[in-house]
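Enquirer: Following this line is final.tsv, made up of TSV, C-alpha atoms:
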```
chain	number	residue	atom	x	y	z
A	9	MET	CA	-55.98	334.35	80.86
A	10	ALA	CA	-56.91	337.64	79.24
A	11	THR	CA	-59.96	339.59	80.41
A	12	ILE	CA	-63.24	339.52	78.48
A	13	ALA	CA	-62.52	343.04	77.21
A	14	GLU	CA	-59.05	342.03	76.03
A	15	LEU	CA	-60.42	338.92	74.31
A	16	ASN	CA	-63.05	340.97	72.50
A	17	LYS	CA	-60.43	343.45	71.35
A	18	LEU	CA	-58.44	340.59	69.88
A	19	PHE	CA	-61.18	338.37	68.47
A	20	ALA	CA	-64.68	339.89	68.32
A	21	VAL	CA	-66.17	340.27	64.83
A	22	GLU	CA	-69.17	342.53	64.34
A	23	ASN	CA	-72.31	340.68	63.20
A	24	HIS	CA	-70.59	337.36	63.87
A	25	ALA	CA	-69.16	336.71	67.32
A	26	LYS	CA	-68.16	338.14	70.67
A	27	ILE	CA	-66.76	336.85	73.94
A	28	VAL	CA	-68.89	337.04	77.08
A	29	SER	CA	-68.73	335.88	80.67
A	30	GLY	CA	-70.86	332.76	80.38
A	31	LYS	CA	-72.08	330.00	82.66
A	32	GLY	CA	-69.82	329.59	85.67
A	33	ARG	CA	-68.36	333.01	84.75
A	34	LEU	CA	-66.21	331.21	82.21
A	35	PRO	CA	-65.22	333.00	79.00
A	36	THR	CA	-67.59	331.95	76.26
A	37	VAL	CA	-67.90	332.66	72.54
A	38	LYS	CA	-71.36	333.75	71.42
A	39	VAL	CA	-71.89	333.43	67.68
A	40	LYS	CA	-74.80	335.07	65.89
A	41	ASN	CA	-74.80	335.37	62.12
A	42	GLN	CA	-77.56	335.46	59.52
A	43	ALA	CA	-78.02	331.66	59.61
A	44	ALA	CA	-77.63	330.52	63.21
A	45	GLU	CA	-76.67	331.15	66.82
A	46	ALA	CA	-74.14	329.13	68.80
A	47	THR	CA	-72.43	329.18	72.19
A	48	ILE	CA	-68.99	327.69	72.88
A	49	SER	CA	-67.40	327.59	76.33
A	50	PHE	CA	-63.64	327.94	76.75
A	51	LEU	CA	-63.96	325.00	79.17
A	52	GLY	CA	-63.25	322.00	76.98
A	53	ALA	CA	-63.80	324.14	73.86
A	54	GLN	CA	-67.28	322.75	74.30
A	55	LEU	CA	-70.18	323.86	72.15
A	56	ILE	CA	-73.26	324.03	74.40
A	57	SER	CA	-75.88	325.52	72.08
A	58	PHE	CA	-76.68	325.55	68.37
A	59	ILE	CA	-79.87	327.10	67.01
A	60	PRO	CA	-80.14	327.34	63.23
A	61	ASN	CA	-82.73	329.77	61.92
A	62	GLY	CA	-86.23	328.30	61.93
A	63	PHE	CA	-85.44	325.71	64.61
A	64	THR	CA	-85.44	325.49	68.40
A	65	GLU	CA	-82.38	324.38	70.39
A	66	THR	CA	-80.74	321.32	68.84
A	67	ILE	CA	-78.12	320.56	71.52
A	68	TRP	CA	-78.96	319.07	74.92
A	69	LEU	CA	-77.38	320.55	78.05
A	70	SER	CA	-78.00	319.33	81.58
A	71	LYS	CA	-79.63	321.85	83.89
A	72	ALA	CA	-77.32	320.51	86.61
A	73	SER	CA	-74.07	321.34	84.78
A	74	LYS	CA	-71.86	323.34	87.15
A	75	PHE	CA	-69.35	324.84	84.68
A	76	VAL	CA	-66.35	324.55	87.02
A	77	ASP	CA	-62.80	324.61	85.67
A	78	GLY	CA	-61.42	321.08	85.93
A	79	ASN	CA	-64.81	319.37	85.68
A	80	PRO	CA	-66.40	318.23	82.41
A	81	ILE	CA	-69.66	319.83	81.30
A	82	ARG	CA	-72.62	317.45	81.11
A	83	GLY	CA	-74.14	317.94	77.68
A	84	GLY	CA	-73.24	319.97	74.62
A	85	ILE	CA	-70.47	318.52	72.47
A	86	PRO	CA	-67.68	317.22	74.73
A	87	ILE	CA	-64.30	316.62	73.10
A	88	CYS	CA	-63.04	313.22	74.25
A	89	TRP	CA	-59.27	313.22	73.69
A	90	PRO	CA	-56.55	311.79	73.62
A	91	TRP	CA	-58.37	308.63	74.65
A	92	PHE	CA	-62.00	307.65	74.31
A	93	GLY	CA	-63.66	305.91	77.25
A	94	LYS	CA	-61.36	304.34	79.80
A	95	ASN	CA	-57.62	304.63	79.28
A	96	GLN	CA	-56.50	301.16	78.23
A	97	ASP	CA	-53.15	301.41	80.03
A	98	ASP	CA	-54.41	302.99	83.26
A	99	PRO	CA	-58.17	302.82	83.99
A	100	ASN	CA	-57.63	305.23	86.90
A	101	LEU	CA	-56.94	308.11	84.52
A	102	PRO	CA	-59.83	310.47	83.71
A	103	MET	CA	-62.62	309.00	81.60
A	104	HIS	CA	-62.48	310.27	78.00
A	105	GLY	CA	-59.13	312.04	78.48
A	106	PHE	CA	-58.34	315.54	79.70
A	107	ALA	CA	-59.35	317.84	76.83
A	108	ARG	CA	-62.96	318.17	77.98
A	109	HIS	CA	-62.15	319.49	81.45
A	110	THR	CA	-59.31	321.83	80.45
A	111	LEU	CA	-59.56	325.53	79.60
A	112	TRP	CA	-58.56	326.02	75.96
A	113	ASP	CA	-57.19	329.09	74.19
A	114	LEU	CA	-59.18	330.90	71.53
A	115	GLU	CA	-57.03	331.09	68.40
A	116	ASN	CA	-59.22	332.79	65.80
A	117	ILE	CA	-62.71	333.89	64.76
A	118	SER	CA	-63.18	334.23	61.00
A	119	PRO	CA	-66.27	335.40	59.12
A	120	ILE	CA	-66.52	333.28	55.97
A	121	ASP	CA	-69.61	335.09	54.68
A	122	ASP	CA	-72.73	336.68	56.22
A	123	LYS	CA	-74.13	333.26	57.08
A	124	THR	CA	-70.96	331.44	58.11
A	125	THR	CA	-68.58	331.94	61.05
A	126	MET	CA	-65.51	329.85	61.87
A	127	VAL	CA	-64.25	329.65	65.46
A	128	ILE	CA	-60.94	327.93	66.27
A	129	PHE	CA	-59.77	326.87	69.72
A	130	VAL	CA	-56.34	325.39	70.43
A	131	LEU	CA	-54.99	323.15	73.18
A	132	LYS	CA	-51.29	322.55	73.86
A	133	PRO	CA	-49.47	320.62	76.59
A	134	ASN	CA	-49.30	322.00	80.12
A	135	LYS	CA	-47.97	320.66	83.42
A	136	GLU	CA	-51.20	318.86	84.23
A	137	SER	CA	-51.66	317.28	80.81
A	138	CYS	CA	-48.05	316.04	80.79
A	139	LYS	CA	-48.72	314.13	84.02
A	140	LEU	CA	-51.49	312.27	82.19
A	141	TRP	CA	-50.09	312.03	78.66
A	142	ASN	CA	-46.46	313.02	78.19
A	143	TYR	CA	-46.37	314.04	74.53
A	144	ASP	CA	-45.93	317.33	72.69
A	145	PHE	CA	-48.97	318.08	70.55
A	146	THR	CA	-51.28	320.73	69.18
A	147	LEU	CA	-55.01	320.03	69.15
A	148	ARG	CA	-57.36	322.36	67.33
A	149	ALA	CA	-61.14	322.36	67.56
A	150	ILE	CA	-62.63	324.07	64.51
A	151	PHE	CA	-66.30	325.03	64.58
A	152	THR	CA	-68.06	326.18	61.43
A	153	ILE	CA	-71.37	327.81	62.30
A	154	SER	CA	-73.94	328.24	59.53
A	155	ASP	CA	-77.32	326.67	58.77
A	156	THR	CA	-75.31	323.49	59.32
A	157	LEU	CA	-72.78	322.82	62.08
A	158	GLU	CA	-69.32	321.35	61.53
A	159	VAL	CA	-66.95	320.26	64.29
A	160	GLU	CA	-63.42	319.24	63.33
A	161	LEU	CA	-60.59	318.08	65.58
A	162	VAL	CA	-57.07	318.30	64.16
A	163	THR	CA	-54.31	316.58	66.14
A	164	THR	CA	-50.73	317.46	65.22
A	165	ASN	CA	-47.81	315.48	66.62
A	166	LYS	CA	-45.12	317.97	67.70
A	167	ASP	CA	-43.14	315.28	69.51
A	168	SER	CA	-40.08	313.32	68.41
A	169	LYS	CA	-41.92	310.01	68.81
A	170	PRO	CA	-45.20	308.68	67.40
A	171	PHE	CA	-48.34	308.47	69.50
A	172	THR	CA	-51.76	306.87	69.20
A	173	ILE	CA	-55.04	308.60	69.93
A	174	SER	CA	-58.60	307.46	70.33
A	175	GLN	CA	-61.15	310.25	70.42
A	176	GLY	CA	-64.77	311.23	70.12
A	177	ILE	CA	-67.00	314.16	69.23
A	178	HIS	CA	-69.53	313.23	71.92
A	179	THR	CA	-72.59	315.14	70.70
A	180	TYR	CA	-75.70	315.32	72.89
A	181	PHE	CA	-78.73	316.04	70.72
A	182	LYS	CA	-81.89	317.45	72.24
A	183	VAL	CA	-85.01	315.44	71.39
A	184	ASP	CA	-88.64	315.87	72.34
A	185	ASN	CA	-89.05	312.37	73.77
A	186	ILE	CA	-86.60	309.49	73.45
A	187	ALA	CA	-89.52	307.07	73.06
A	188	ASN	CA	-90.51	308.61	69.74
A	189	ILE	CA	-87.21	308.96	67.87
A	190	SER	CA	-85.51	306.59	65.45
A	191	ILE	CA	-81.93	306.51	64.17
A	192	ASP	CA	-81.10	305.39	60.62
A	193	GLY	CA	-77.76	304.41	59.14
A	194	PHE	CA	-76.64	301.67	61.52
A	195	GLN	CA	-78.59	298.83	59.91
A	196	LYS	CA	-76.72	295.49	59.85
A	197	LEU	CA	-73.59	296.97	61.47
A	198	LYS	CA	-71.69	295.08	64.15
A	199	TYR	CA	-71.24	296.79	67.49
A	200	PHE	CA	-69.80	296.30	70.94
A	201	ASP	CA	-72.60	296.39	73.50
A	202	LYS	CA	-71.10	298.17	76.53
A	203	VAL	CA	-74.21	298.20	78.74
A	204	GLY	CA	-73.47	297.10	82.29
A	205	GLY	CA	-69.75	296.84	81.62
A	206	ALA	CA	-70.22	294.08	79.07
A	207	ASN	CA	-68.28	293.91	75.84
A	208	ASP	CA	-70.47	291.66	73.73
A	209	ILE	CA	-70.33	291.80	69.94
A	210	LYS	CA	-73.79	292.11	68.42
A	211	LYS	CA	-75.32	293.08	65.11
A	212	GLN	CA	-77.95	295.72	64.54
A	213	LYS	CA	-81.08	294.44	62.81
A	214	ASP	CA	-81.96	295.65	59.33
A	215	GLU	CA	-84.08	298.42	60.82
A	216	PRO	CA	-83.58	301.81	62.48
A	217	ILE	CA	-82.49	302.00	66.10
A	218	VAL	CA	-85.27	302.76	68.56
A	219	VAL	CA	-84.36	303.45	72.18
A	220	ASN	CA	-86.51	301.88	74.89
A	221	GLN	CA	-83.78	300.97	77.37
A	222	GLU	CA	-80.16	301.82	78.15
A	223	ILE	CA	-77.97	301.83	75.05
A	224	ASP	CA	-74.17	302.10	74.89
A	225	ALA	CA	-73.19	300.75	71.50
A	226	VAL	CA	-69.82	301.23	69.79
A	227	PHE	CA	-70.41	300.59	66.09
A	228	LEU	CA	-67.62	299.38	63.83
A	229	ASN	CA	-67.18	300.32	60.16
A	230	ALA	CA	-69.71	303.07	60.81
A	231	LYS	CA	-69.15	305.46	57.95
A	232	GLY	CA	-72.59	307.11	57.94
A	233	PRO	CA	-74.49	309.15	57.15
A	234	PHE	CA	-76.80	308.73	60.15
A	235	THR	CA	-80.18	310.36	60.64
A	236	VAL	CA	-82.06	311.04	63.86
A	237	SER	CA	-85.79	311.45	63.16
A	238	ASP	CA	-87.82	313.26	65.81
A	239	PRO	CA	-91.49	313.34	64.72
A	240	ILE	CA	-92.71	315.30	67.75
A	241	ALA	CA	-90.10	318.05	67.32
A	242	LYS	CA	-90.79	317.72	63.57
A	243	ARG	CA	-87.15	317.63	62.50
A	244	THR	CA	-84.41	315.34	61.34
A	245	ILE	CA	-80.71	315.58	62.14
A	246	THR	CA	-78.29	314.14	59.59
A	247	ILE	CA	-74.74	313.34	60.69
A	248	THR	CA	-71.88	312.88	58.22
A	249	ASN	CA	-68.31	312.01	59.20
A	250	LYS	CA	-64.76	312.25	57.89
A	251	GLY	CA	-61.67	310.62	59.37
A	252	SER	CA	-63.81	308.23	61.39
A	253	ASN	CA	-64.90	304.60	60.99
A	254	SER	CA	-66.56	304.16	64.38
A	255	ALA	CA	-69.54	305.72	66.11
A	256	VAL	CA	-71.35	305.48	69.43
A	257	VAL	CA	-75.05	305.65	70.22
A	258	TRP	CA	-75.65	306.32	73.91
A	259	ASN	CA	-78.50	306.96	76.31
A	260	PRO	CA	-78.08	306.04	80.00
A	261	TRP	CA	-81.81	305.43	80.62
A	262	LYS	CA	-83.37	305.66	84.07
A	263	GLU	CA	-81.20	303.58	86.41
A	264	ARG	CA	-77.80	304.42	84.93
A	265	SER	CA	-78.61	308.13	84.81
A	266	LYS	CA	-79.06	308.15	88.60
A	267	LYS	CA	-75.35	307.39	88.96
A	268	LEU	CA	-74.11	310.10	86.59
A	269	SER	CA	-72.72	313.42	87.76
A	270	GLU	CA	-74.56	316.64	86.88
A	271	TYR	CA	-77.54	314.72	85.54
A	272	THR	CA	-81.11	315.45	86.65
A	273	PRO	CA	-83.90	312.85	86.97
A	274	HIS	CA	-85.74	312.07	83.73
A	275	SER	CA	-83.14	313.96	81.64
A	276	TYR	CA	-82.53	310.79	79.67
A	277	LYS	CA	-85.94	311.27	78.06
A	278	THR	CA	-84.85	314.38	76.16
A	279	MET	CA	-81.38	313.47	74.85
A	280	ILE	CA	-79.57	311.08	72.58
A	281	CYS	CA	-75.85	310.93	71.86
A	282	VAL	CA	-74.65	310.00	68.38
A	283	GLU	CA	-70.88	310.28	68.57
A	284	THR	CA	-68.30	310.50	65.79
A	285	CYS	CA	-65.26	308.56	67.00
A	286	ASN	CA	-61.91	306.95	66.53
A	287	ALA	CA	-62.66	304.20	69.04
A	288	LEU	CA	-61.37	300.68	69.70
A	289	ASP	CA	-59.67	299.36	66.52
A	290	ASP	CA	-60.32	302.74	64.86
A	291	ALA	CA	-57.70	304.45	67.06
A	292	ARG	CA	-55.20	306.38	64.95
A	293	GLY	CA	-51.42	306.53	65.05
A	294	VAL	CA	-49.89	309.94	64.37
A	295	LYS	CA	-46.22	310.17	63.41
A	296	PRO	CA	-43.97	313.11	64.36
A	297	GLY	CA	-44.78	316.16	62.27
A	298	GLN	CA	-48.01	314.66	60.95
A	299	SER	CA	-51.68	315.40	61.69
A	300	HIS	CA	-54.96	313.53	61.87
A	301	SER	CA	-58.36	315.14	61.33
A	302	ILE	CA	-61.78	313.92	62.39
A	303	LYS	CA	-64.89	315.86	61.40
A	304	ALA	CA	-68.60	315.65	62.14
A	305	SER	CA	-71.15	317.66	60.15
A	306	TYR	CA	-74.75	318.15	61.24
A	307	SER	CA	-77.63	319.30	59.05
A	308	PHE	CA	-81.20	319.94	60.18
A	309	ASP	CA	-84.38	319.55	58.18
A	310	LYS	CA	-88.07	319.96	58.85
A	311	LEU	CA	-90.09	316.77	59.21
A	312	ASN	CA	-93.72	317.03	58.15
```
Could you render the structure from this file as structure tokens?
Expert:
Amino acid sequence: MATIAELNKLFAVENHAKIVSGKGRLPTVKVKNQAAEATISFLGAQLISFIPNGFTETIWLSKASKFVDGNPIRGGIPICWPWFGKNQDDPNLPMHGFARHTLWDLENISPIDDKTTMVIFVLKPNKESCKLWNYDFTLRAIFTISDTLEVELVTTNKDSKPFTISQGIHTYFKVDNIANISIDGFQKLKYFDKVGGANDIKKQKDEPIVVNQEIDAVFLNAKGPFTVSDPIAKRTITITNKGSNSAVVWNPWKERSKKLSEYTPHSYKTMICVETCNALDDARGVKPGQSHSIKASYSFDKLN
């Protein structure tokens, strides 16, 4: 990989973005424009911070994250690809695929205007990925940083045969206290309850989700928008999706969190995952020469 100086010569844009040696001494893009600040690690092309003007940190990151090449980062916005959850053909393969623990290449940094910066990372097959998933592909992660945040994954099939992907934009939001938040937009939707390894089909009541125990729910026909209301932090987070009909709401709670890697005690109290997915029956087939795009957009508003 190129040095930090070489990367800056190629990609840095004054008043928008530069490349630094970040956590774990990994190359990292630091974005700062007139609307927001963001940090994206080359490891997993994983956004680990987003601070729009007038707000505190919106993205949760574990203090125990080690930032080691080959290991996924706990927190931020992991990219789960080309499968979401356990691989259905071989459960021994890495959970949530290989994209999140692979070093990506930076492809471009583009200033759209004074308040908007686009950062594009790209992932292509290598020897290790071919051992896990033997297809030719190009995967781009496109981040649009402004007063809102957009994350888009574009999968292009470069192979001679079709393939199927399941995937997720596994966003960890930072909240003041999990006991006080509510999540709108999932009312009356059916979901698979995955807690404890179960796979029960349930239906959300006609009321917002409140989290007072472990939750691992894969919602079907979940088109959004969804809103996380945090009255103590005095803000709302609104999530809109494209190219996705499934979503996950996840918090490991106390006992489950003890078994997770790079997760500190009581961390579950300050995070909630609302994930934009192509999961279960929402997996997508991609024919040779074609592409599939999934996008999550996040907007932040003050809550009085």
Enquirer: Nearest to Pro60 of chain A among A:Asp155, A:Asp201, A:Asp208, A:Glu263, with distances taken over only C-alpha atoms: which residue is it?
Expert: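 For Pro60 of chain A, the nearest of the given residues is A:Asp155.
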Enquirer: I want to know what sits within 7 Å of Phe92 of chain A, based on all atoms listed in the file, with residues of the same chain fewer than 3 positions away left out; could you give that as number ranges by chain?
Expert: A: 88-89, 104-105, 174-176, 287
Enquirer: Go ahead and save the residues from that selection, with C-alpha atoms, as a PDB file, in the coordinates of the input.
Expert:
```pdb
ATOM      1  CA  CYS A  88     -63.040 313.220  74.250  1.00  0.00           C
ATOM      2  CA  TRP A  89     -59.270 313.220  73.690  1.00  0.00           C
ATOM      3  CA  HIS A 104     -62.480 310.270  78.000  1.00  0.00           C
ATOM      4  CA  GLY A 105     -59.130 312.040  78.480  1.00  0.00           C
ATOM      5  CA  SER A 174     -58.600 307.460  70.330  1.00  0.00           C
ATOM      6  CA  GLN A 175     -61.150 310.250  70.420  1.00  0.00           C
ATOM      7  CA  GLY A 176     -64.770 311.230  70.120  1.00  0.00           C
ATOM      8  CA  ALA A 287     -62.660 304.200  69.040  1.00  0.00           C
TER       9      ALA A 287
END
```
Enquirer: Within 9 Å of (-72.3, 326.2, 74.3) in the file's own coordinates, which protein, DNA or RNA residues have an atom, counting all atoms listed in the file? List them as a list of chain:residue names.
Expert: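 In the file's frame, the residues around the point are A:Thr36, A:Val37, A:Lys38, A:Ala46, A:Thr47, A:Ile48, A:Ser49, A:Ala53, A:Gln54, A:Leu55, A:Ile56, A:Ser57, A:Phe58, A:Ile67, A:Leu69, A:Gly84, A:Ile85.
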Enquirer: Go ahead and compute the interatomic distance for atom CA of Val183 of chain A and atom CA of Leu161 of chain A, in Å to one decimal.
Expert: 25.2 Å
Enquirer: Can you work out which one of A:Leu288, A:Ala187, A:Ser269, A:Phe145 has the shortest atom-to-atom distance to Asn95 of chain A, counting only C-alpha atoms?
Expert: A:Leu288
Enquirer: Here is a test: counting only C-alpha atoms, which residue of A:Asp184, A:Glu215, A:Asp224, A:Glu14 is nearest to Lys196 of chain A?
Expert: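 Among the listed residues, A:Glu215 lies closest to Lys196 of chain A.
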Enquirer: Which residues, written as a list of chain:residue names, have at least one atom at most 7 Å from Met279 of chain A, with only C-alpha atoms counted and residues fewer than 4 positions away on the same chain left out?
Expert: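 In the requested format, the answer is A:Trp68, A:Tyr180, A:Phe181, A:Lys182, A:Val183, A:Ile186.
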Enquirer: I'd like the interatomic distance between atom CA of Gly293 of chain A and atom CA of Asp167 of chain A, to a tenth of an Å.
Expert: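 Going from atom CA of Gly293 of chain A over to atom CA of Asp167 of chain A covers 12.8 Å.
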Enquirer: Show which residues sit within 8 Å of segment 109-112 of chain A, as a list in words. Count all atoms listed in the file, and ignore same-chain residues fewer than 2 positions away.
Expert: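 Listing them by chain and then by number gives Phe50, Leu51, Gly52, Ala53, Asp77, Gly78, Asn79, Pro80, Ile81, Phe106, Ala107, Leu114, Phe129, Val130 and Leu131 of chain A.
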Enquirer: Choose the residue, out of A:Val226, A:Cys281, A:Val76, A:Ala10, that has the smallest atom-to-atom separation from Arg108 of chain A; count only C-alpha atoms.
Expert: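 Of A:Val226, A:Cys281, A:Val76, A:Ala10, the one nearest Arg108 of chain A, counting only C-alpha atoms, is A:Val76.
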Enquirer: Pick out the closest residue to Gln42 of chain A from this set: A:Trp91, A:Ile59, A:Glu65, A:Asp122. Count all atoms listed in the file.
Expert: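 Once distances to Gln42 of chain A are computed over all atoms listed in the file, the minimum belongs to A:Asp122.
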Enquirer: Let me make sure I understand: among A:Gly30, A:Gly204, A:Gly83, A:Pro90, which one has the smallest atom-to-atom distance to His300 of chain A if we use only C-alpha atoms?
Expert: A:Pro90
Enquirer: State, in Å with one decimal place, the distance from atom CA of Thr244 of chain A to atom CA of Ile209 of chain A.
Expert: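 A separation of 28.7 Å between them.
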Enquirer: Around (-75.1, 290.2, 68.2) in the file's own coordinates, what residues are found within 12 Å if you use all atoms listed in the file, given back as a PyMOL selection string?
Expert: chain A and resi 196-201+207-213+225+227
Enquirer: Find the residues around Asp290 of chain A up to 8 Å (only C-alpha atoms counted), leave out those fewer than 6 positions away in its own chain, and share them as a PDB file with C-alpha atoms, in the coordinates of the input.
Expert:
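The resulting file, around16.pdb, is reproduced below:
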```pdb
ATOM      1  CA  SER A 174     -58.600 307.460  70.330  1.00  0.00           C
ATOM      2  CA  SER A 252     -63.810 308.230  61.390  1.00  0.00           C
ATOM      3  CA  ASN A 253     -64.900 304.600  60.990  1.00  0.00           C
ATOM      4  CA  SER A 254     -66.560 304.160  64.380  1.00  0.00           C
TER       5      SER A 254
END
```
Enquirer: Can you pull out every residue within 12 Å of Thr125 of chain A, counting only C-alpha atoms, but drop anything in the same chain fewer than 6 positions away, and send it as a PyMOL selection string?
Expert: chain A and resi 20-26+37-46+116-119+150-158
Enquirer: Segment 75-98 of chain A from the block above, N, CA and C atoms, as an mmCIF file, in the first residue's frame, please?
Expert:
```
data_model
loop_
_atom_site.group_PDB
_atom_site.id
_atom_site.type_symbol
_atom_site.label_atom_id
_atom_site.label_comp_id
_atom_site.auth_asym_id
_atom_site.auth_seq_id
_atom_site.Cartn_x
_atom_site.Cartn_y
_atom_site.Cartn_z
ATOM 1 N N PHE A 75 -8.330 -2.337 16.074
ATOM 2 C CA PHE A 75 -7.903 -1.835 14.764
ATOM 3 C C PHE A 75 -6.685 -2.606 14.246
ATOM 4 N N VAL A 76 -6.882 -3.919 14.082
ATOM 5 C CA VAL A 76 -5.844 -4.809 13.575
ATOM 6 C C VAL A 76 -6.299 -5.363 12.229
ATOM 7 N N ASP A 77 -5.437 -5.259 11.229
ATOM 8 C CA ASP A 77 -5.744 -5.784 9.904
ATOM 9 C C ASP A 77 -6.147 -7.255 10.016
ATOM 10 N N GLY A 78 -7.280 -7.603 9.446
ATOM 11 C CA GLY A 78 -7.771 -8.972 9.507
ATOM 12 C C GLY A 78 -8.843 -9.185 10.549
ATOM 13 N N ASN A 79 -9.008 -8.211 11.461
ATOM 14 C CA ASN A 79 -10.049 -8.294 12.485
ATOM 15 C C ASN A 79 -11.079 -7.194 12.261
ATOM 16 N N PRO A 80 -12.360 -7.497 12.425
ATOM 17 C CA PRO A 80 -13.371 -6.451 12.259
ATOM 18 C C PRO A 80 -13.331 -5.449 13.400
ATOM 19 N N ILE A 81 -13.690 -4.216 13.103
ATOM 20 C CA ILE A 81 -13.768 -3.150 14.097
ATOM 21 C C ILE A 81 -15.129 -3.239 14.786
ATOM 22 N N ARG A 82 -15.116 -3.142 16.116
ATOM 23 C CA ARG A 82 -16.382 -3.166 16.857
ATOM 24 C C ARG A 82 -16.944 -1.747 16.953
ATOM 25 N N GLY A 83 -17.991 -1.499 16.219
ATOM 26 C CA GLY A 83 -18.615 -0.181 16.210
ATOM 27 C C GLY A 83 -18.511 0.459 14.841
ATOM 28 N N GLY A 84 -18.897 1.737 14.761
ATOM 29 C CA GLY A 84 -18.874 2.427 13.479
ATOM 30 C C GLY A 84 -19.970 1.915 12.561
ATOM 31 N N ILE A 85 -19.638 1.820 11.273
ATOM 32 C CA ILE A 85 -20.582 1.271 10.291
ATOM 33 C C ILE A 85 -19.896 0.123 9.545
ATOM 34 N N PRO A 86 -19.922 -1.088 10.110
ATOM 35 C CA PRO A 86 -19.347 -2.232 9.410
ATOM 36 C C PRO A 86 -20.112 -2.544 8.121
ATOM 37 N N ILE A 87 -19.366 -2.963 7.115
ATOM 38 C CA ILE A 87 -19.954 -3.401 5.848
ATOM 39 C C ILE A 87 -19.981 -4.926 5.853
ATOM 40 N N CYS A 88 -21.174 -5.483 5.974
ATOM 41 C CA CYS A 88 -21.348 -6.937 6.004
ATOM 42 C C CYS A 88 -21.609 -7.397 4.573
ATOM 43 N N TRP A 89 -20.657 -8.159 4.017
ATOM 44 C CA TRP A 89 -20.734 -8.504 2.585
ATOM 45 C C TRP A 89 -19.716 -9.594 2.288
ATOM 46 N N PRO A 90 -19.962 -10.571 1.422
ATOM 47 C CA PRO A 90 -21.112 -10.768 0.543
ATOM 48 C C PRO A 90 -22.218 -11.632 1.163
ATOM 49 N N TRP A 91 -22.075 -11.919 2.460
ATOM 50 C CA TRP A 91 -23.206 -12.542 3.144
ATOM 51 C C TRP A 91 -23.424 -11.832 4.471
ATOM 52 N N PHE A 92 -24.681 -11.860 4.901
ATOM 53 C CA PHE A 92 -25.070 -11.211 6.144
ATOM 54 C C PHE A 92 -25.355 -12.282 7.189
ATOM 55 N N GLY A 93 -24.738 -12.155 8.361
ATOM 56 C CA GLY A 93 -24.884 -13.181 9.389
ATOM 57 C C GLY A 93 -24.021 -14.383 9.068
ATOM 58 N N LYS A 94 -24.514 -15.561 9.411
ATOM 59 C CA LYS A 94 -23.784 -16.787 9.110
ATOM 60 C C LYS A 94 -23.940 -17.142 7.637
ATOM 61 N N ASN A 95 -22.862 -17.665 7.052
ATOM 62 C CA ASN A 95 -22.941 -18.159 5.686
ATOM 63 C C ASN A 95 -23.839 -19.400 5.665
ATOM 64 N N GLN A 96 -24.844 -19.378 4.807
ATOM 65 C CA GLN A 96 -25.834 -20.455 4.802
ATOM 66 C C GLN A 96 -25.273 -21.776 4.289
ATOM 67 N N ASP A 97 -24.223 -21.718 3.477
ATOM 68 C CA ASP A 97 -23.632 -22.940 2.936
ATOM 69 C C ASP A 97 -22.544 -23.502 3.837
ATOM 70 N N ASP A 98 -21.843 -22.626 4.548
ATOM 71 C CA ASP A 98 -20.755 -23.056 5.425
ATOM 72 C C ASP A 98 -20.702 -22.141 6.647
#
```
